[in-house]
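Undergrad: Sharing final.txt, compact mmCIF, C-alpha atoms and all ligand atoms:
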# COMPACT_ATOMS: atom_id res chain seq x y z
CA MET Q 4 150.05 134.76 39.84
CA GLU Q 5 147.35 135.56 37.30
CA ILE Q 6 145.49 133.91 34.47
CA GLN Q 7 145.68 135.31 30.91
CA ASN Q 8 144.18 133.56 27.90
CA ASN Q 9 143.51 130.51 30.04
CA GLN Q 10 147.23 130.21 30.87
CA LEU Q 11 148.96 130.72 34.19
CA HIS Q 12 151.36 133.65 34.49
CA LEU Q 13 153.90 134.18 37.26
CA GLY Q 14 155.47 137.58 37.83
CA GLY Q 15 154.04 138.71 34.49
CA LEU Q 16 155.44 135.77 32.49
CA SER Q 17 153.58 132.72 31.24
CA ALA Q 18 154.56 129.50 32.99
CA GLU Q 19 154.99 127.88 29.58
CA ALA Q 20 157.43 130.59 28.47
CA LEU Q 21 159.41 130.21 31.70
CA ARG Q 22 159.59 126.49 31.09
CA THR Q 23 160.75 127.05 27.51
CA ASN Q 24 163.46 129.49 28.59
CA PHE Q 25 164.75 127.78 31.71
CA GLY Q 26 163.82 124.11 31.28
CA SER Q 27 161.62 121.72 33.21
CA PRO Q 28 161.24 121.08 36.09
CA LEU Q 29 161.81 124.55 37.48
CA TYR Q 30 161.31 126.43 40.74
CA VAL Q 31 159.91 129.93 40.21
CA TYR Q 32 159.64 132.61 42.91
CA GLU Q 33 157.66 135.84 42.70
CA GLU Q 34 159.78 138.60 44.20
CA ASP Q 35 156.78 140.83 44.99
CA SER Q 36 155.22 138.06 47.05
CA LEU Q 37 158.43 137.55 49.08
CA ARG Q 38 158.62 141.23 49.87
CA SER Q 39 154.93 141.66 50.62
CA GLN Q 40 154.74 138.68 53.00
CA CYS Q 41 157.67 140.09 54.98
CA ARG Q 42 156.19 143.60 55.09
CA ARG Q 43 152.84 142.18 56.08
CA LEU Q 44 154.18 140.29 59.06
CA LEU Q 45 156.27 143.25 60.20
CA LYS Q 46 153.16 145.44 59.97
CA CYS Q 47 151.25 143.07 62.27
CA PHE Q 48 153.81 143.85 64.98
CA ASP Q 49 154.25 147.47 63.96
CA GLU Q 50 154.20 148.92 67.48
CA LEU Q 51 157.18 146.81 68.52
CA HIS Q 52 158.86 147.12 65.12
CA GLN Q 53 158.76 150.93 65.28
CA GLN Q 54 160.55 150.78 68.63
CA GLN Q 55 163.12 148.35 67.18
CA ARG Q 56 161.87 145.77 69.64
CA LEU Q 57 160.84 143.19 67.04
CA GLN Q 58 163.19 140.98 65.07
CA LEU Q 59 161.90 138.61 62.41
CA HIS Q 60 164.49 135.87 62.15
CA PHE Q 61 163.79 134.16 58.83
CA ALA Q 62 164.10 130.38 59.34
CA MET Q 63 166.41 129.87 56.38
CA LYS Q 64 165.91 126.11 56.44
CA ALA Q 65 162.69 126.89 54.58
CA ASN Q 66 164.61 128.33 51.64
CA SER Q 67 168.29 129.14 51.57
CA ASN Q 68 168.74 130.49 48.07
CA PRO Q 69 171.21 133.41 48.46
CA SER Q 70 169.11 135.76 46.30
CA ILE Q 71 166.09 135.13 48.48
CA LEU Q 72 168.15 135.65 51.63
CA LYS Q 73 169.32 138.99 50.24
CA ILE Q 74 165.79 140.12 49.36
CA LEU Q 75 164.58 139.31 52.86
CA ARG Q 76 167.56 141.12 54.36
CA GLN Q 77 166.57 144.21 52.36
CA GLU Q 78 163.10 143.89 53.89
CA GLY Q 79 164.53 143.91 57.41
CA ALA Q 80 164.58 140.20 58.23
CA TRP Q 81 167.21 138.62 60.46
CA ILE Q 82 168.15 134.93 60.44
CA ASP Q 83 167.34 131.75 62.35
CA ALA Q 84 170.14 129.31 61.48
CA VAL Q 85 170.42 125.65 62.41
CA SER Q 86 173.82 124.64 61.07
CA PRO Q 87 177.28 126.22 60.66
CA TYR Q 88 176.85 126.40 56.88
CA GLU Q 89 173.55 128.18 57.27
CA VAL Q 90 175.41 130.66 59.47
CA GLN Q 91 178.19 130.99 56.90
CA LEU Q 92 175.71 131.51 54.08
CA ALA Q 93 173.82 134.16 56.02
CA LEU Q 94 177.10 135.98 56.76
CA ASP Q 95 178.05 135.74 53.08
CA CYS Q 96 174.66 137.23 52.16
CA GLY Q 97 175.40 140.30 54.26
CA TYR Q 98 173.69 139.51 57.56
CA ARG Q 99 175.67 140.81 60.52
CA PRO Q 100 176.63 138.18 63.14
CA GLU Q 101 174.33 139.71 65.74
CA GLN Q 102 171.40 139.43 63.32
CA ILE Q 103 171.73 135.64 63.31
CA LEU Q 104 170.55 133.33 66.06
CA PHE Q 105 171.94 129.81 65.94
CA THR Q 106 169.48 127.22 67.22
CA GLY Q 107 171.11 123.87 66.68
CA ASN Q 108 169.96 120.59 68.10
CA ASN Q 109 172.28 117.83 69.23
CA THR Q 110 174.92 120.44 68.52
CA ALA Q 111 178.52 119.27 68.16
CA PRO Q 112 181.25 121.18 70.08
CA GLU Q 113 182.80 122.44 66.81
CA GLU Q 114 179.48 124.05 65.88
CA LEU Q 115 179.54 126.01 69.13
CA ASP Q 116 183.16 127.04 68.48
CA PHE Q 117 182.26 128.19 64.98
CA CYS Q 118 179.46 130.43 66.26
CA VAL Q 119 181.59 131.94 69.00
CA GLU Q 120 184.49 132.60 66.59
CA ASN Q 121 182.07 134.38 64.26
CA GLY Q 122 180.30 136.34 67.00
CA VAL Q 123 176.96 134.64 66.31
CA PRO Q 124 174.61 134.37 69.32
CA LEU Q 125 173.67 130.88 70.44
CA ASN Q 126 170.39 129.45 71.56
CA ILE Q 127 171.10 126.31 73.57
CA GLY Q 128 168.56 123.50 73.89
CA SER Q 129 170.19 120.87 76.10
CA LEU Q 130 171.72 120.74 79.58
CA LEU Q 131 174.78 118.84 78.40
CA THR Q 132 175.45 121.34 75.63
CA LEU Q 133 175.01 124.15 78.12
CA GLU Q 134 177.51 122.60 80.49
CA HIS Q 135 180.04 122.03 77.72
CA PHE Q 136 179.57 125.58 76.47
CA GLY Q 137 179.94 127.03 79.96
CA LYS Q 138 183.20 125.18 80.57
CA HIS Q 139 184.70 126.57 77.37
CA TYR Q 140 183.08 129.97 77.08
CA SER Q 141 182.49 131.22 80.58
CA GLY Q 142 181.10 134.75 80.77
CA GLN Q 143 179.18 134.68 77.46
CA ASN Q 144 175.61 135.73 76.81
CA ILE Q 145 173.30 132.93 75.67
CA SER Q 146 169.65 132.15 75.21
CA LEU Q 147 167.89 128.92 76.06
CA ARG Q 148 165.56 126.92 73.87
CA VAL Q 149 162.76 125.75 76.09
CA ASN Q 150 160.31 122.92 75.55
CA PRO Q 151 157.18 124.31 77.23
CA GLY Q 152 155.51 120.88 77.29
CA VAL Q 153 153.03 121.63 74.49
CA GLY Q 154 153.34 121.38 70.74
CA ALA Q 155 151.32 121.88 67.56
CA GLY Q 156 151.76 121.41 63.84
CA HIS Q 157 150.35 120.08 60.58
CA HIS Q 158 151.90 116.62 61.01
CA ALA Q 159 153.30 114.62 63.95
CA HIS Q 160 156.82 115.06 62.53
CA CYS Q 161 156.40 118.82 62.66
CA ILE Q 162 155.43 119.13 66.32
CA THR Q 163 158.50 120.40 68.12
CA GLY Q 164 157.21 120.84 71.65
CA GLY Q 165 155.78 118.43 74.23
CA PRO Q 166 157.09 115.28 75.93
CA ARG Q 167 157.74 113.45 72.62
CA SER Q 168 159.87 116.17 71.10
CA LYS Q 169 163.68 116.12 71.08
CA PHE Q 170 163.89 119.91 71.02
CA GLY Q 171 164.75 122.30 73.80
CA ILE Q 172 165.31 121.97 77.54
CA TYR Q 173 162.17 120.52 79.09
CA HIS Q 174 160.47 123.13 81.21
CA ASP Q 175 160.91 121.18 84.46
CA GLN Q 176 164.71 121.23 83.99
CA LEU Q 177 165.09 124.98 83.75
CA GLU Q 178 166.26 125.36 87.34
CA GLN Q 179 169.17 123.05 86.52
CA ALA Q 180 169.89 125.17 83.46
CA GLN Q 181 170.01 128.28 85.65
CA GLU Q 182 172.38 126.61 88.09
CA LEU Q 183 174.69 125.57 85.26
CA ALA Q 184 174.63 129.05 83.80
CA GLN Q 185 175.44 130.57 87.17
CA ARG Q 186 178.28 128.14 87.77
CA HIS Q 187 179.90 129.17 84.49
CA SER Q 188 179.01 132.85 84.65
CA LEU Q 189 176.80 132.62 81.58
CA ARG Q 190 174.16 135.33 81.24
CA ILE Q 191 170.80 134.01 80.04
CA VAL Q 192 169.60 136.96 77.98
CA GLY Q 193 166.92 135.18 75.98
CA ILE Q 194 164.30 132.47 76.17
CA GLN Q 195 163.19 130.81 72.94
CA SER Q 196 160.55 128.28 72.08
CA HIS Q 197 159.25 126.93 68.78
CA ILE Q 198 156.37 124.53 69.27
CA GLY Q 199 155.85 123.41 65.68
CA THR Q 200 155.31 124.33 62.08
CA GLY Q 201 152.27 124.83 59.87
CA ILE Q 202 150.07 126.11 62.69
CA PHE Q 203 146.87 127.50 61.34
CA ALA Q 204 145.02 128.80 64.35
CA PRO Q 205 146.13 131.53 66.75
CA GLU Q 206 145.14 129.56 69.86
CA PRO Q 207 148.12 127.16 70.08
CA MET Q 208 150.52 130.04 69.48
CA LEU Q 209 148.91 132.15 72.19
CA GLU Q 210 148.79 129.20 74.57
CA ALA Q 211 152.48 128.49 74.02
CA MET Q 212 153.21 132.18 74.49
CA GLU Q 213 151.48 132.09 77.90
CA MET Q 214 153.56 129.11 78.96
CA ILE Q 215 156.80 130.72 77.82
CA LEU Q 216 155.98 133.94 79.66
CA VAL Q 217 155.34 131.99 82.86
CA LEU Q 218 158.79 130.42 82.46
CA ALA Q 219 160.41 133.70 81.48
CA GLU Q 220 159.44 135.29 84.81
CA HIS Q 221 162.09 133.16 86.49
CA PHE Q 222 164.93 134.68 84.48
CA THR Q 223 166.15 138.05 85.67
CA GLU Q 224 168.53 139.17 82.91
CA LEU Q 225 166.39 138.74 79.81
CA GLU Q 226 166.80 141.03 76.83
CA PHE Q 227 164.45 139.15 74.50
CA ILE Q 228 161.85 136.43 74.29
CA ASP Q 229 161.69 134.43 71.06
CA PHE Q 230 158.36 132.78 70.25
CA GLY Q 231 159.68 130.83 67.26
CA GLY Q 232 157.98 130.35 63.91
CA GLY Q 233 155.06 128.21 62.86
CA PHE Q 234 152.83 130.76 61.11
CA GLY Q 235 150.77 128.66 58.69
CA ILE Q 236 149.72 129.49 55.15
CA PRO Q 237 146.58 128.28 53.36
CA TYR Q 238 147.55 125.37 51.12
CA ARG Q 239 144.01 124.29 50.29
CA PRO Q 240 141.73 126.40 48.09
CA GLU Q 241 138.98 126.52 50.71
CA GLN Q 242 141.32 127.46 53.58
CA GLN Q 243 141.07 130.97 54.97
CA GLU Q 244 144.29 132.75 55.79
CA MET Q 245 145.10 132.98 59.46
CA ASP Q 246 144.33 136.48 60.76
CA VAL Q 247 147.96 137.36 61.45
CA ASN Q 248 147.02 140.95 62.09
CA ALA Q 249 144.77 139.99 64.99
CA LEU Q 250 147.39 137.53 66.23
CA GLY Q 251 150.03 140.26 66.06
CA GLN Q 252 147.81 142.60 68.09
CA GLN Q 253 147.09 139.96 70.72
CA MET Q 254 150.71 138.90 71.02
CA THR Q 255 151.90 142.51 71.24
CA GLU Q 256 149.39 143.40 73.97
CA ARG Q 257 150.26 140.34 76.00
CA PHE Q 258 153.97 140.95 75.53
CA GLU Q 259 153.74 144.59 76.62
CA LYS Q 260 151.80 143.55 79.73
CA PHE Q 261 154.55 141.06 80.53
CA CYS Q 262 157.30 143.64 79.97
CA LYS Q 263 155.57 146.08 82.30
CA GLU Q 264 155.43 143.48 85.05
CA TYR Q 265 158.98 142.36 84.29
CA GLY Q 266 160.15 145.95 84.58
CA ARG Q 267 161.97 146.24 81.24
CA PRO Q 268 161.01 146.76 77.59
CA LEU Q 269 162.26 143.47 76.17
CA SER Q 270 162.49 142.65 72.47
CA MET Q 271 160.29 140.07 70.81
CA LYS Q 272 161.80 137.68 68.31
CA LEU Q 273 159.85 135.54 65.84
CA GLU Q 274 161.21 132.91 63.45
CA PRO Q 275 158.87 132.63 60.47
CA GLY Q 276 159.95 130.39 57.62
CA ARG Q 277 156.97 129.10 55.65
CA TYR Q 278 154.97 132.31 55.99
CA LEU Q 279 157.62 134.44 54.29
CA VAL Q 280 158.58 132.22 51.37
CA GLY Q 281 155.91 129.52 50.93
CA PRO Q 282 153.34 131.43 48.84
CA ALA Q 283 156.03 132.98 46.61
CA GLY Q 284 157.29 129.66 45.23
CA PHE Q 285 155.96 127.42 42.45
CA LEU Q 286 157.28 124.17 41.04
CA LEU Q 287 156.79 123.92 37.28
CA LEU Q 288 156.77 120.47 35.72
CA SER Q 289 155.90 118.83 32.43
CA VAL Q 290 153.48 116.02 31.76
CA THR Q 291 155.48 113.15 30.27
CA ASN Q 292 153.01 110.29 30.37
CA ARG Q 293 149.48 109.09 30.98
CA LYS Q 294 148.27 105.60 31.87
CA HIS Q 295 145.49 103.96 33.79
CA THR Q 296 144.81 100.96 36.00
CA PRO Q 297 141.37 99.76 37.11
CA GLU Q 298 141.71 102.22 40.03
CA TYR Q 299 143.72 105.22 38.90
CA GLN Q 300 144.20 107.51 35.96
CA PHE Q 301 147.86 108.48 36.25
CA VAL Q 302 149.39 111.71 34.96
CA GLY Q 303 153.16 111.19 34.93
CA THR Q 304 155.58 114.11 35.21
CA ASP Q 305 159.28 114.90 34.88
CA SER Q 306 159.69 115.72 38.60
CA GLY Q 307 159.00 113.84 41.81
CA PHE Q 308 159.46 113.76 45.55
CA HIS Q 309 163.18 114.38 45.11
CA HIS Q 310 162.19 117.94 44.17
CA LEU Q 311 159.18 118.45 46.45
CA VAL Q 312 158.96 115.93 49.26
CA ARG Q 313 156.13 117.45 51.32
CA PRO Q 314 153.26 115.45 49.73
CA THR Q 315 155.13 112.17 50.17
CA MET Q 316 156.69 112.91 53.55
CA TYR Q 317 153.79 114.59 55.33
CA GLY Q 318 150.82 113.86 53.06
CA SER Q 319 150.71 117.61 52.48
CA TYR Q 320 148.19 119.10 50.11
CA HIS Q 321 149.47 121.46 47.40
CA ARG Q 322 147.24 123.04 44.78
CA ILE Q 323 148.12 121.83 41.29
CA TRP Q 324 147.22 123.76 38.15
CA ASN Q 325 147.41 122.87 34.52
CA ALA Q 326 149.20 126.08 33.52
CA SER Q 327 148.72 125.30 29.83
CA ARG Q 328 144.93 125.17 30.23
CA MET Q 329 143.72 126.61 33.49
CA GLU Q 330 140.10 125.86 32.68
CA ASP Q 331 138.89 122.83 30.80
CA GLU Q 332 136.68 119.85 31.40
CA LEU Q 333 137.72 118.25 34.70
CA GLU Q 334 139.03 114.73 35.05
CA THR Q 335 140.02 112.80 38.15
CA VAL Q 336 143.73 111.97 38.07
CA ALA Q 337 146.70 111.01 40.21
CA VAL Q 338 149.64 113.32 39.48
CA VAL Q 339 152.79 111.31 40.05
CA GLY Q 340 156.53 111.74 39.58
CA ASN Q 341 159.40 109.92 37.91
CA VAL Q 342 161.05 108.46 41.03
CA CYS Q 343 161.05 104.69 41.44
CA GLU Q 344 158.83 104.68 44.51
CA THR Q 345 155.10 104.10 44.77
CA GLY Q 346 154.84 106.96 47.25
CA ASP Q 347 156.00 109.42 44.61
CA PHE Q 348 152.87 111.50 44.19
CA PHE Q 349 152.00 115.18 44.16
CA SER Q 350 148.19 115.04 44.26
CA VAL Q 351 147.77 113.56 47.72
CA ASP Q 352 144.77 114.70 49.70
CA GLN Q 353 144.10 113.08 53.07
CA GLY Q 354 145.13 109.62 51.93
CA ASN Q 355 143.52 109.93 48.49
CA ILE Q 356 146.01 110.46 45.67
CA GLN Q 357 143.52 111.47 42.98
CA ARG Q 358 141.90 114.83 42.45
CA ASP Q 359 140.03 116.79 39.78
CA LEU Q 360 142.19 118.70 37.31
CA PRO Q 361 141.51 120.30 33.94
CA LYS Q 362 142.29 117.71 31.25
CA THR Q 363 146.00 117.17 30.69
CA THR Q 364 147.91 115.89 27.71
CA VAL Q 365 151.57 115.01 27.36
CA GLY Q 366 153.60 118.21 27.11
CA ASP Q 367 151.32 120.31 29.33
CA CYS Q 368 152.94 122.46 31.97
CA LEU Q 369 151.73 121.75 35.51
CA VAL Q 370 152.38 124.11 38.38
CA ILE Q 371 152.46 123.18 42.05
CA ALA Q 372 151.62 126.12 44.27
CA ASP Q 373 153.01 127.21 47.66
CA ALA Q 374 156.26 125.39 47.03
CA GLY Q 375 158.57 128.19 48.19
CA ALA Q 376 159.08 126.79 51.70
CA TYR Q 377 160.65 123.38 52.35
CA GLY Q 378 160.61 122.75 48.60
CA PHE Q 379 164.02 123.15 47.03
CA SER Q 380 165.66 123.20 50.47
CA MET Q 381 164.47 119.63 51.15
CA SER Q 382 165.22 118.35 47.65
CA SER Q 383 167.68 115.57 46.86
CA GLN Q 384 169.38 113.81 43.96
CA TYR Q 385 167.61 110.52 44.62
CA ASN Q 386 167.57 108.22 41.57
CA SER Q 387 170.56 110.24 40.30
CA ARG Q 388 168.21 112.95 39.14
CA PRO Q 389 169.71 116.42 39.40
CA ARG Q 390 167.98 119.25 41.23
CA PRO Q 391 166.13 121.84 39.12
CA ALA Q 392 166.98 125.47 38.45
CA GLU Q 393 165.49 128.34 40.45
CA VAL Q 394 164.25 131.55 38.85
CA LEU Q 395 163.10 134.84 40.34
CA VAL Q 396 160.35 136.70 38.47
CA LYS Q 397 159.12 140.27 38.73
CA ASP Q 398 157.28 142.65 36.36
CA GLY Q 399 157.73 140.40 33.32
CA GLN Q 400 161.46 139.81 33.94
CA ALA Q 401 163.02 136.52 34.98
CA GLN Q 402 166.40 136.03 36.55
CA LEU Q 403 168.15 132.70 37.03
CA ILE Q 404 169.11 132.45 40.71
CA ARG Q 405 170.37 128.87 40.63
CA ARG Q 406 171.16 126.84 37.54
CA ALA Q 407 169.90 123.29 37.18
CA GLU Q 408 172.33 120.61 38.25
CA ARG Q 409 174.04 118.47 35.62
CA TYR Q 410 175.51 114.99 35.54
CA THR Q 411 178.86 116.33 36.76
CA ASP Q 412 177.18 117.84 39.82
CA LEU Q 413 176.10 114.36 40.86
CA LEU Q 414 179.76 113.33 40.96
CA ARG Q 415 181.29 116.52 42.34
CA THR Q 416 182.17 115.05 45.72
CA THR Q 417 182.93 111.45 44.74
CA GLN Q 418 186.32 109.84 44.33
CA GLU Q 419 186.85 106.92 42.03
CA LEU Q 420 188.74 103.84 43.18
CA ASP Q 421 192.02 103.24 41.36
C1 LIG Q 501 163.65 126.57 65.57
C2 LIG Q 501 162.76 126.82 64.42
N1 LIG Q 501 162.34 128.08 64.21
C3 LIG Q 501 161.54 128.39 63.15
C4 LIG Q 501 161.10 127.42 62.27
C5 LIG Q 501 160.23 127.83 61.13
O1 LIG Q 501 158.97 127.28 61.14
P1 LIG Q 501 157.90 127.78 60.09
O2 LIG Q 501 158.46 127.57 58.74
O3 LIG Q 501 156.70 126.94 60.34
O4 LIG Q 501 157.62 129.22 60.37
C6 LIG Q 501 161.50 126.10 62.46
C7 LIG Q 501 161.02 125.04 61.55
O5 LIG Q 501 160.89 123.91 61.81
C8 LIG Q 501 162.34 125.79 63.57
O6 LIG Q 501 162.76 124.55 63.78
What does this structure look like when you write it as structure tokens?
TA:
Amino acid sequence: MEIQNNQLHLGGLSAEALRTNFGSPLYVYEEDSLRSQCRRLLKCFDELHQQQRLQLHFAMKANSNPSILKILRQEGAWIDAVSPYEVQLALDCGYRPEQILFTGNNTAPEELDFCVENGVPLNIGSLLTLEHFGKHYSGQNISLRVNPGVGAGHHAHCITGGPRSKFGIYHDQLEQAQELAQRHSLRIVGIQSHIGTGIFAPEPMLEAMEMILVLAEHFTELEFIDFGGGFGIPYRPEQQEMDVNALGQQMTERFEKFCKEYGRPLSMKLEPGRYLVGPAGFLLLSVTNRKHTPEYQFVGTDSGFHHLVRPTMYGSYHRIWNASRMEDELETVAVVGNVCETGDFFSVDQGNIQRDLPKTTVGDCLVIADAGAYGFSMSSQYNSRPRPAEVLVKDGQAQLIRRAERYTDLLRTTQELD
């Protein structure tokens, strides 16, 4: 993004022009940013990458637009999928079955069948699922999702390790998992763990890595260890980026030491979601209203938590710009949406819903930054409001990569009573 004549530009195009051409609200993604984030992360693990011992499995739950999946495939990403349709979509976008790792949770038997039929490797996170799988698919290779007993994340709902998390086989049950695998001639070729999302410091990731390596020692047939995703991005203006380069170095050194002791050059897998697509995405909206109460000055918009739920669901901070006037006198406002819920706000900041923004008037174009991950993919049609279009921008060109929904899309799956 850049500022020209006091207006915000994305991929070389003014946000206002994008809004005029494609409508409001609108998701916009900068292609260069998608590619550079992927290259950057690969570079941090260059030593392993050069030896083809690193696979970046993009967690496509963060953003499953087919055009974005194809761009990341071109950059060398593989896929972390959590549902059969994610698997299907990844296959349709040209990923080979072996480039996908299916990590379901509370997985239904048909989901296992679907993966096996399509040759997609499975990462199993429960003893019961393991037993069921073994009975039906004896002799297969599998990996295990492990709960190492620790977790981290930007919100309690995003911590996926530790005794309160539903994910993975708890570390003290791994012996049972090995017995089950042996009984059904399953080869455990991988160990995976993902302790949470939105982690901003290297320490929890390195700590979790240590715990996983201790567990991994007990498995004799490993081909890879998967340390999950969780790489955070700076959402707040004052936040420094995490030094992923240093983290990559530290993780690589520790991993190589482990491999030496283990006696084999294993592969490392990572499952970044937010890091790859978050900074590339922006949600453009229009100011439709202004009003005040004794407490708040409200700026009303034509979008809401049905399009970007993170502020409402997690209290997440997103930078908001007035793209029509990047610099002007500041005023303290609450930027809110058009959903019939009091919790429908964009400008949340640690419980406060007001912040300073350059003066806005009805018709201004607002832009919410870092909306590329868990933005559109978590959107809904709540209040019978259709989902917005998605556009990819690069070098002054814009391409529609998903049209906005219409009234008929709201009814596509319904059946009327006679
Ligand atoms: C199993 C798994 N891997 C990877 C990710 C991606 O996390 P992030 O977007 O923080 O990198 C998630 C997200 O919750 C996940 O559940």
Undergrad: List the spatial neighbours of range 89-96 of chain Q as a ChimeraX atom specification - criterion: any atom at most 12 Å away, all atoms listed in the file, same-chain residues fewer than 5 positions off excluded.
TA: /Q:60-77,80-84,101-107,114-115,117-125,380
Undergrad: So what do you get for CA of Ser141 in chain Q versus CA of Phe230 in chain Q, distance-wise?
TA: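 If I compute the distance from CA of Ser141 in chain Q to CA of Phe230 in chain Q, I get 26.3 Å.
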Undergrad: How far is it from CA of Ser39 in chain Q to atom C7 of ligand LIG 501 (chain Q), in Å with one decimal?
TA: 20.8 Å
Undergrad: Please identify all polymer residues within 9 Å of Gln10 in chain Q, counting all atoms listed in the file, omitting same-chain residues fewer than 5 positions from it, and present them as a ChimeraX atom specification.
TA: /Q:5,17-19,325-330
Undergrad: Would you put the residues from that selection into a file with C-alpha atoms, as a compact mmCIF listing (two decimals), in the coordinates of the input?
TA:
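The resulting file, out.txt, is shown below:
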# COMPACT_ATOMS: atom_id res chain seq x y z
CA GLU Q 5 147.35 135.56 37.30
CA SER Q 17 153.58 132.72 31.24
CA ALA Q 18 154.56 129.50 32.99
CA GLU Q 19 154.99 127.88 29.58
CA ASN Q 325 147.41 122.87 34.52
CA ALA Q 326 149.20 126.08 33.52
CA SER Q 327 148.72 125.30 29.83
CA ARG Q 328 144.93 125.17 30.23
CA MET Q 329 143.72 126.61 33.49
CA GLU Q 330 140.10 125.86 32.68
Undergrad: List the neighbours of range 210-216 of chain Q out to 12 Å using only C-alpha atoms; skip same-chain residues closer than 2 positions along the sequence, and give me the result as a PyMOL selection string.
TA: chain Q and resi 147-155+163-165+173-174+177+193-199+202+204-208+218-222+225+227-233+250+253-262+264-265+269+271-273
Undergrad: Mind checking which residues fall within 12 Å of Leu183 in chain Q, counting all atoms listed in the file, ignoring those fewer than 4 positions away in the same chain, and posting them as a list in words?
TA: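 Contacts, with the query itself left out: Ser129, Leu130, Leu131, Thr132, Leu133, Glu134, His135, Phe136, Gly137, Lys138, Ser141, Leu147, Gln176, Leu177, Glu178, Gln179, His187, Ser188, Leu189, Arg190 and Ile191 of chain Q.
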Undergrad: So what do you get for CA of Gly354 in chain Q versus CA of Gly303 in chain Q, distance-wise?
TA: 18.9 Å
Undergrad: Find the spatial neighbours of range 305-315 of chain Q, counting all atoms listed in the file, within a cut-off of 6 Å - ignore same-chain residues fewer than 6 positions away - and output them as a tab-separated table (two decimals) with C-alpha atoms, in the frame of the given file.
TA:
chain	number	residue	atom	x	y	z
Q	289	SER	CA	155.90	118.83	32.43
Q	340	GLY	CA	156.53	111.74	39.58
Q	341	ASN	CA	159.40	109.92	37.91
Q	342	VAL	CA	161.05	108.46	41.03
Q	346	GLY	CA	154.84	106.96	47.25
Q	347	ASP	CA	156.00	109.42	44.61
Q	349	PHE	CA	152.00	115.18	44.16
Q	378	GLY	CA	160.61	122.75	48.60
Q	382	SER	CA	165.22	118.35	47.65
Q	383	SER	CA	167.68	115.57	46.86
Q	385	TYR	CA	167.61	110.52	44.62
Undergrad: Go through Q:Val365, Q:Ala401, Q:Ile323, Q:Ala111 and flag the residue nearest Thr291 in chain Q, using all atoms listed in the file for the distances.
TA: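 For Thr291 in chain Q, the nearest of the given residues is Q:Val365.
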